[in-house]
file upload28.pdb (PDB, C-alpha atoms, pLDDT in the B column)
ATOM      1  CA  MET A 232     -15.853  -1.746  -5.853  1.00 75.00           C
ATOM      2  CA  THR A 233     -19.484  -1.046  -6.626  1.00 86.00           C
ATOM      3  CA  GLU A 234     -21.907  -3.949  -6.832  1.00 92.00           C
ATOM      4  CA  LEU A 235     -25.133  -3.722  -8.801  1.00 94.00           C
ATOM      5  CA  LEU A 236     -27.761  -6.378  -8.020  1.00 95.00           C
ATOM      6  CA  ILE A 237     -30.868  -6.584 -10.208  1.00 96.00           C
ATOM      7  CA  ASP A 238     -33.957  -8.657  -9.486  1.00 96.00           C
ATOM      8  CA  SER A 239     -34.207 -11.431 -12.087  1.00 96.00           C
ATOM      9  CA  ARG A 240     -37.869 -10.520 -12.717  1.00 96.00           C
ATOM     10  CA  GLU A 241     -36.792  -7.085 -14.061  1.00 96.00           C
ATOM     11  CA  LYS A 242     -36.118  -8.469 -17.563  1.00 95.00           C
ATOM     12  CA  HIS A 243     -36.473  -5.185 -19.493  1.00 95.00           C
ATOM     13  CA  LEU A 244     -34.305  -3.267 -17.043  1.00 95.00           C
ATOM     14  CA  ILE A 245     -31.646  -6.000 -17.189  1.00 94.00           C
ATOM     15  CA  LEU A 246     -31.507  -5.687 -21.001  1.00 94.00           C
ATOM     16  CA  GLU A 247     -31.255  -1.903 -20.776  1.00 94.00           C
ATOM     17  CA  LEU A 248     -28.427  -2.063 -18.215  1.00 94.00           C
ATOM     18  CA  GLU A 249     -26.585  -4.702 -20.252  1.00 94.00           C
ATOM     19  CA  LYS A 250     -26.705  -2.324 -23.253  1.00 94.00           C
ATOM     20  CA  ARG A 251     -24.829   0.155 -21.070  1.00 92.00           C
ATOM     21  CA  LYS A 252     -22.227  -2.525 -20.292  1.00 91.00           C
ATOM     22  CA  LEU A 253     -22.712  -2.212 -16.552  1.00 89.00           C
ATOM     23  CA  PRO A 254     -21.404  -5.148 -14.506  1.00 90.00           C
ATOM     24  CA  ILE A 255     -24.627  -6.477 -13.017  1.00 94.00           C
ATOM     25  CA  LYS A 256     -25.475  -9.491 -10.917  1.00 96.00           C
ATOM     26  CA  ILE A 257     -28.878 -10.964 -11.625  1.00 95.00           C
ATOM     27  CA  MET A 258     -30.660 -12.778  -8.801  1.00 96.00           C
ATOM     28  CA  GLN A 259     -34.090 -13.009  -7.271  1.00 96.00           C
ATOM     29  CA  LEU A 260     -34.173 -10.300  -4.629  1.00 95.00           C
ATOM     30  CA  ALA A 261     -36.472 -10.629  -1.637  1.00 94.00           C
ATOM     31  CA  LEU A 262     -36.675  -6.834  -1.308  1.00 94.00           C
ATOM     32  CA  ALA A 263     -36.320  -4.066  -3.895  1.00 96.00           C
ATOM     33  CA  ASP A 264     -35.758  -4.268  -7.634  1.00 97.00           C
ATOM     34  CA  VAL A 265     -32.215  -2.910  -7.575  1.00 97.00           C
ATOM     35  CA  ILE A 266     -29.587  -2.846  -4.830  1.00 96.00           C
ATOM     36  CA  ILE A 267     -26.422  -0.839  -5.346  1.00 95.00           C
ATOM     37  CA  THR A 268     -23.557  -1.229  -2.899  1.00 93.00           C
ATOM     38  CA  GLY A 269     -20.618   1.167  -2.930  1.00 87.00           C
ATOM     39  CA  LEU A 270     -18.826   3.794  -0.867  1.00 81.00           C
ATOM     40  CA  ASP A 271     -20.195   7.055   0.514  1.00 77.00           C
ATOM     41  CA  TYR A 272     -18.094  10.235   0.838  1.00 74.00           C
ATOM     42  CA  ASN A 273     -16.593   8.916   4.114  1.00 76.00           C
ATOM     43  CA  LYS A 274     -15.503   5.788   2.209  1.00 78.00           C
ATOM     44  CA  GLN A 275     -17.941   3.734   4.265  1.00 82.00           C
ATOM     45  CA  GLN A 276     -19.825   0.853   2.644  1.00 87.00           C
ATOM     46  CA  ILE A 277     -23.404   1.780   1.816  1.00 89.00           C
ATOM     47  CA  SER A 278     -26.295  -0.083   0.196  1.00 93.00           C
ATOM     48  CA  ILE A 279     -29.065   1.735  -1.627  1.00 95.00           C
ATOM     49  CA  ALA A 280     -32.328  -0.053  -2.405  1.00 97.00           C
ATOM     50  CA  ILE A 281     -34.448   1.041  -5.349  1.00 97.00           C
ATOM     51  CA  GLU A 282     -38.069   0.055  -5.857  1.00 97.00           C
ATOM     52  CA  ARG A 283     -39.036   0.647  -9.496  1.00 97.00           C
ATOM     53  CA  LYS A 284     -42.624   1.039 -10.662  1.00 96.00           C
ATOM     54  CA  THR A 285     -44.032   1.944 -14.019  1.00 95.00           C
ATOM     55  CA  GLN A 286     -46.916   4.383 -13.685  1.00 95.00           C
ATOM     56  CA  GLN A 287     -49.359   1.563 -14.445  1.00 93.00           C
ATOM     57  CA  ASP A 288     -47.772  -0.740 -11.837  1.00 94.00           C
ATOM     58  CA  PHE A 289     -47.747   2.090  -9.288  1.00 95.00           C
ATOM     59  CA  LEU A 290     -51.495   2.565  -9.730  1.00 94.00           C
ATOM     60  CA  SER A 291     -52.091  -1.198  -9.429  1.00 93.00           C
ATOM     61  CA  SER A 292     -50.013  -1.286  -6.260  1.00 93.00           C
ATOM     62  CA  ILE A 293     -52.183   1.454  -4.749  1.00 91.00           C
ATOM     63  CA  ILE A 294     -55.262  -0.737  -5.221  1.00 90.00           C
ATOM     64  CA  ASP A 295     -53.781  -3.807  -3.558  1.00 89.00           C
ATOM     65  CA  LYS A 296     -51.741  -1.713  -1.064  1.00 86.00           C
ATOM     66  CA  ARG A 297     -48.632  -3.628  -2.092  1.00 92.00           C
ATOM     67  CA  ILE A 298     -46.565  -0.434  -2.466  1.00 94.00           C
ATOM     68  CA  ILE A 299     -46.801   0.477   1.222  1.00 94.00           C
ATOM     69  CA  SER A 300     -45.732  -2.948   2.506  1.00 94.00           C
ATOM     70  CA  GLN A 301     -42.875  -3.125  -0.043  1.00 94.00           C
ATOM     71  CA  LEU A 302     -41.542   0.290   0.939  1.00 96.00           C
ATOM     72  CA  ILE A 303     -41.860  -0.334   4.689  1.00 96.00           C
ATOM     73  CA  GLU A 304     -39.828  -3.543   4.356  1.00 96.00           C
ATOM     74  CA  ILE A 305     -37.171  -1.820   2.260  1.00 96.00           C
ATOM     75  CA  LYS A 306     -36.949   0.984   4.798  1.00 95.00           C
ATOM     76  CA  GLU A 307     -36.473  -1.533   7.633  1.00 95.00           C
ATOM     77  CA  HIS A 308     -33.594  -3.333   5.886  1.00 95.00           C
ATOM     78  CA  PHE A 309     -31.639  -0.624   4.050  1.00 95.00           C
ATOM     79  CA  PRO A 310     -30.040   2.634   5.206  1.00 93.00           C
ATOM     80  CA  GLN A 311     -30.863   4.436   1.958  1.00 94.00           C
ATOM     81  CA  TYR A 312     -33.640   3.890  -0.548  1.00 96.00           C
ATOM     82  CA  PHE A 313     -35.899   5.541  -3.028  1.00 96.00           C
ATOM     83  CA  LEU A 314     -38.829   4.853  -5.291  1.00 98.00           C
ATOM     84  CA  ILE A 315     -38.595   5.336  -9.045  1.00 98.00           C
ATOM     85  CA  ILE A 316     -41.863   5.952 -10.868  1.00 97.00           C
ATOM     86  CA  GLU A 317     -41.299   5.495 -14.564  1.00 96.00           C
ATOM     87  CA  GLY A 318     -43.357   7.029 -17.354  1.00 94.00           C
ATOM     88  CA  GLN A 319     -44.460  10.284 -18.942  1.00 93.00           C
ATOM     89  CA  ASP A 320     -48.210   9.840 -19.104  1.00 90.00           C
ATOM     90  CA  ASN A 321     -50.576  11.979 -17.129  1.00 88.00           C
ATOM     91  CA  PHE A 322     -51.036   9.932 -13.946  1.00 82.00           C
ATOM     92  CA  TYR A 323     -54.590  11.082 -13.549  1.00 83.00           C
ATOM     93  CA  SER A 324     -55.779   9.905 -16.946  1.00 84.00           C
ATOM     94  CA  ILE A 325     -54.165   6.440 -17.145  1.00 83.00           C
ATOM     95  CA  ARG A 326     -56.915   4.667 -15.213  1.00 84.00           C
ATOM     96  CA  ASN A 327     -60.190   5.541 -13.605  1.00 84.00           C
ATOM     97  CA  PHE A 328     -58.656   6.810 -10.344  1.00 85.00           C
ATOM     98  CA  HIS A 329     -59.699   9.756  -8.277  1.00 88.00           C
ATOM     99  CA  PRO A 330     -56.744  12.183  -8.444  1.00 90.00           C
ATOM    100  CA  ASN A 331     -56.732  12.577  -4.655  1.00 92.00           C
ATOM    101  CA  SER A 332     -56.062   8.857  -4.150  1.00 90.00           C
ATOM    102  CA  ILE A 333     -52.890   9.199  -6.244  1.00 92.00           C
ATOM    103  CA  ARG A 334     -51.882  12.439  -4.541  1.00 93.00           C
ATOM    104  CA  GLY A 335     -52.595  10.899  -1.148  1.00 93.00           C
ATOM    105  CA  MET A 336     -50.372   7.899  -1.856  1.00 95.00           C
ATOM    106  CA  LEU A 337     -47.532  10.070  -3.150  1.00 95.00           C
ATOM    107  CA  LEU A 338     -47.767  12.240  -0.033  1.00 95.00           C
ATOM    108  CA  ALA A 339     -47.915   9.204   2.263  1.00 95.00           C
ATOM    109  CA  ILE A 340     -44.735   7.835   0.672  1.00 96.00           C
ATOM    110  CA  ALA A 341     -42.866  11.147   0.760  1.00 96.00           C
ATOM    111  CA  LEU A 342     -44.087  12.501   4.110  1.00 96.00           C
ATOM    112  CA  ASP A 343     -45.155   9.565   6.262  1.00 95.00           C
ATOM    113  CA  LEU A 344     -42.582   7.009   5.099  1.00 95.00           C
ATOM    114  CA  GLN A 345     -40.007   9.690   4.191  1.00 96.00           C
ATOM    115  CA  ILE A 346     -38.982   7.837   1.065  1.00 97.00           C
ATOM    116  CA  PRO A 347     -37.752   9.960  -1.844  1.00 97.00           C
ATOM    117  CA  ILE A 348     -39.629   9.585  -5.114  1.00 97.00           C
ATOM    118  CA  ILE A 349     -37.783  10.036  -8.406  1.00 97.00           C
ATOM    119  CA  GLN A 350     -39.746  10.275 -11.643  1.00 96.00           C
ATOM    120  CA  THR A 351     -38.064   9.017 -14.802  1.00 97.00           C
ATOM    121  CA  ARG A 352     -39.410   9.369 -18.334  1.00 96.00           C
ATOM    122  CA  SER A 353     -38.699   5.854 -19.591  1.00 96.00           C
ATOM    123  CA  LEU A 354     -36.901   2.571 -19.029  1.00 96.00           C
ATOM    124  CA  SER A 355     -33.846   4.082 -20.712  1.00 96.00           C
ATOM    125  CA  ASP A 356     -34.002   7.103 -18.388  1.00 97.00           C
ATOM    126  CA  THR A 357     -34.226   4.770 -15.369  1.00 97.00           C
ATOM    127  CA  ALA A 358     -31.173   2.841 -16.597  1.00 96.00           C
ATOM    128  CA  ALA A 359     -29.287   6.131 -17.047  1.00 96.00           C
ATOM    129  CA  LEU A 360     -30.161   7.142 -13.481  1.00 97.00           C
ATOM    130  CA  ILE A 361     -28.940   3.793 -12.129  1.00 96.00           C
ATOM    131  CA  GLU A 362     -25.756   4.110 -14.198  1.00 95.00           C
ATOM    132  CA  THR A 363     -25.117   7.609 -12.813  1.00 93.00           C
ATOM    133  CA  LEU A 364     -25.722   6.440  -9.236  1.00 91.00           C
ATOM    134  CA  THR A 365     -23.379   3.481  -9.733  1.00 91.00           C
ATOM    135  CA  LYS A 366     -20.613   5.774 -11.043  1.00 88.00           C
ATOM    136  CA  ARG A 367     -21.169   8.159  -8.148  1.00 85.00           C
ATOM    137  CA  LEU A 368     -20.664   5.329  -5.648  1.00 84.00           C
ATOM    138  CA  GLU A 369     -17.466   4.293  -7.435  1.00 82.00           C
ATOM    139  CA  LYS A 370     -15.991   7.752  -6.884  1.00 78.00           C
ATOM    140  CA  PRO A 371     -17.498   9.156  -3.691  1.00 65.00           C
ATOM    141  CA  THR A 372     -17.941  12.921  -3.632  1.00 68.00           C
ATOM    142  CA  ARG A 373     -17.436  15.266  -0.726  1.00 67.00           C
ATOM    143  CA  PRO A 374     -20.440  16.442   1.280  1.00 65.00           C
ATOM    144  CA  ILE A 375     -22.274  19.465  -0.083  1.00 66.00           C
ATOM    145  CA  SER A 376     -21.410  22.702   1.683  1.00 62.00           C
ATOM    146  CA  LEU A 377     -24.350  24.622   3.091  1.00 62.00           C
ATOM    147  CA  LEU A 378     -22.594  27.939   2.556  1.00 64.00           C
ATOM    148  CA  SER A 379     -22.515  29.574  -0.853  1.00 65.00           C
ATOM    149  CA  LYS A 380     -19.237  29.422  -2.736  1.00 64.00           C
ATOM    150  CA  ARG A 381     -18.936  33.206  -3.137  1.00 64.00           C
ATOM    151  CA  LYS A 382     -15.540  34.282  -1.805  1.00 64.00           C
ATOM    152  CA  PRO A 383     -15.572  37.623   0.041  1.00 56.00           C
ATOM    153  CA  LEU A 384     -12.965  40.063  -1.210  1.00 69.00           C
ATOM    154  CA  THR A 385     -12.230  42.409   1.683  1.00 82.00           C
ATOM    155  CA  ILE A 386     -11.774  41.821   5.422  1.00 83.00           C
ATOM    156  CA  LYS A 387     -15.016  43.720   6.045  1.00 83.00           C
ATOM    157  CA  GLU A 388     -16.896  41.485   3.576  1.00 82.00           C
ATOM    158  CA  GLN A 389     -15.355  38.406   5.158  1.00 83.00           C
ATOM    159  CA  GLN A 390     -16.513  39.547   8.599  1.00 85.00           C
ATOM    160  CA  GLU A 391     -20.041  40.248   7.324  1.00 85.00           C
ATOM    161  CA  TYR A 392     -20.077  36.865   5.615  1.00 83.00           C
ATOM    162  CA  LEU A 393     -19.095  35.088   8.829  1.00 86.00           C
ATOM    163  CA  ILE A 394     -21.657  36.969  10.963  1.00 87.00           C
ATOM    164  CA  GLU A 395     -24.397  36.328   8.352  1.00 87.00           C
ATOM    165  CA  SER A 396     -23.782  32.594   8.662  1.00 87.00           C
ATOM    166  CA  LEU A 397     -25.071  32.700  12.244  1.00 86.00           C
ATOM    167  CA  PRO A 398     -28.734  31.704  12.722  1.00 87.00           C
ATOM    168  CA  GLY A 399     -31.206  34.554  12.381  1.00 86.00           C
ATOM    169  CA  ILE A 400     -28.630  37.086  11.159  1.00 87.00           C
ATOM    170  CA  GLY A 401     -29.209  38.732   7.812  1.00 85.00           C
ATOM    171  CA  PRO A 402     -26.995  41.154   5.876  1.00 85.00           C
ATOM    172  CA  LEU A 403     -28.326  44.324   7.514  1.00 87.00           C
ATOM    173  CA  THR A 404     -28.047  42.929  11.057  1.00 88.00           C
ATOM    174  CA  ALA A 405     -24.505  41.704  10.335  1.00 87.00           C
ATOM    175  CA  LYS A 406     -23.463  45.175   9.142  1.00 87.00           C
ATOM    176  CA  ASN A 407     -25.088  46.851  12.144  1.00 89.00           C
ATOM    177  CA  LEU A 408     -23.440  44.438  14.603  1.00 89.00           C
ATOM    178  CA  LEU A 409     -20.013  44.974  13.049  1.00 88.00           C
ATOM    179  CA  HIS A 410     -20.530  48.743  12.978  1.00 89.00           C
ATOM    180  CA  HIS A 411     -21.471  48.766  16.674  1.00 91.00           C
ATOM    181  CA  PHE A 412     -18.989  46.166  18.037  1.00 90.00           C
ATOM    182  CA  LYS A 413     -16.176  46.758  15.497  1.00 88.00           C
ATOM    183  CA  SER A 414     -14.955  43.123  15.441  1.00 87.00           C
ATOM    184  CA  ILE A 415     -16.172  39.526  15.373  1.00 87.00           C
ATOM    185  CA  SER A 416     -14.540  38.740  18.698  1.00 88.00           C
ATOM    186  CA  SER A 417     -16.395  41.658  20.330  1.00 88.00           C
ATOM    187  CA  ILE A 418     -19.672  40.353  18.914  1.00 86.00           C
ATOM    188  CA  ILE A 419     -18.962  36.840  20.233  1.00 84.00           C
ATOM    189  CA  LEU A 420     -17.982  38.155  23.678  1.00 86.00           C
ATOM    190  CA  ALA A 421     -21.132  40.278  23.861  1.00 81.00           C
TER     191      ALA A 421
END
call {"tool": "encode", "arguments": {"input": "upload28.pdb", "output": "structure tokens"}}
result
Amino acid sequence: MTELLIDSREKHLILELEKRKLPIKIMQLALADVIITGLDYNKQQISIAIERKTQQDFLSSIIDKRIISQLIEIKEHFPQYFLIIEGQDNFYSIRNFHPNSIRGMLLAIALDLQIPIIQTRSLSDTAALIETLTKRLEKPTRPISLLSKRKPLTIKEQQEYLIESLPGIGPLTAKNLLHHFKSISSIILA
């Protein structure tokens, strides 16, 4: 069963999620604005913390450095997390900010803290994203395959496909190796 906790101070988001008839629990959260608990693809319990900022609030939190401390705490207490920045305005024209201070903060969050940033257009878009995530945790999906889904047709194509999946081997090298060694087992033994 998926559990959706919303910080009681997120009044507008609560109303938007209630419109979508999502079963939410409203409480004052010490960390994050939204916490979703459900199952991952291994059917293991997982909690995802979401910090939500409007563009205006994000810029204010750069000034008082609140964003960094909030995200560090979330990262210390939750296995998965992300930051939602909500709004469609041009970041660089909302307030009198040097564009590099905004870029620098975004890069610090993404690279230094390694926290994903998701941009939504509006409060409604944010609610839709939360709804989609909640549904995903109700029915866990399988892990994404790193190999393409193209199914080789012939034995030769299957062999080339398998050899190409090895690190540093492209299509031409795979063909040349198979031409020279004649079989996958010969390539492996060599």
call {"tool": "resolve_selection", "arguments": {"input": "upload28.pdb", "expression": "the PyMOL selection byres ((chain A and resi 355-362) around 12)", "output": "NGL selection string"}}
result
:A and (233-237 or 241 or 243-255 or 264-268 or 279-285 or 313-319 or 349-354 or 363-369)
call {"tool": "closest_residue", "arguments": {"input": "upload28.pdb", "among": "A:Gln287, A:Leu393, A:Tyr312, A:Ile293", "to": "Gln345 (chain A)", "atoms": "only C-alpha atoms"}}
result
A:Tyr312
call {"tool": "residues_around", "arguments": {"input": "upload28.pdb", "residues": "region 296-299 of chain A", "least_positions_apart": "4", "cutoff": "12 Å", "atoms": "only C-alpha atoms", "output": "list of chain:residue names"}}
result
A:Leu262, A:Ala263, A:Glu282, A:Arg283, A:Lys284, A:Asp288, A:Phe289, A:Leu290, A:Ser291, A:Ser292, A:Ile303, A:Glu304, A:Ile305, A:Lys306, A:Leu314, A:Ile315, A:Ile316, A:Ser332, A:Met336, A:Leu337, A:Leu338, A:Ala339, A:Ile340, A:Ala341, A:Asp343, A:Leu344, A:Gln345, A:Ile346
call {"tool": "atom_distance", "arguments": {"input": "upload28.pdb", "atom1": "CA of Ser416 (chain A)", "atom2": "CA of Glu391 (chain A)"}}
result
12.7 Å
call {"tool": "closest_residue", "arguments": {"input": "upload28.pdb", "among": "A:Gln311, A:Ser300, A:Gln286, A:Gln275", "to": "Ile325 (chain A)", "atoms": "only C-alpha atoms"}}
result
A:Gln286
call {"tool": "atom_distance", "arguments": {"input": "upload28.pdb", "atom1": "CA of Ile348 (chain A)", "atom2": "CA of Leu302 (chain A)"}}
result
11.3 Å
call {"tool": "atom_distance", "arguments": {"input": "upload28.pdb", "atom1": "CA of Ile277 (chain A)", "atom2": "CA of Pro310 (chain A)"}}
result
7.5 Å
call {"tool": "closest_residue", "arguments": {"input": "upload28.pdb", "among": "A:Ile419, A:Gln301, A:Arg334, A:Thr385", "to": "Leu397 (chain A)", "atoms": "only C-alpha atoms"}}
result
A:Ile419
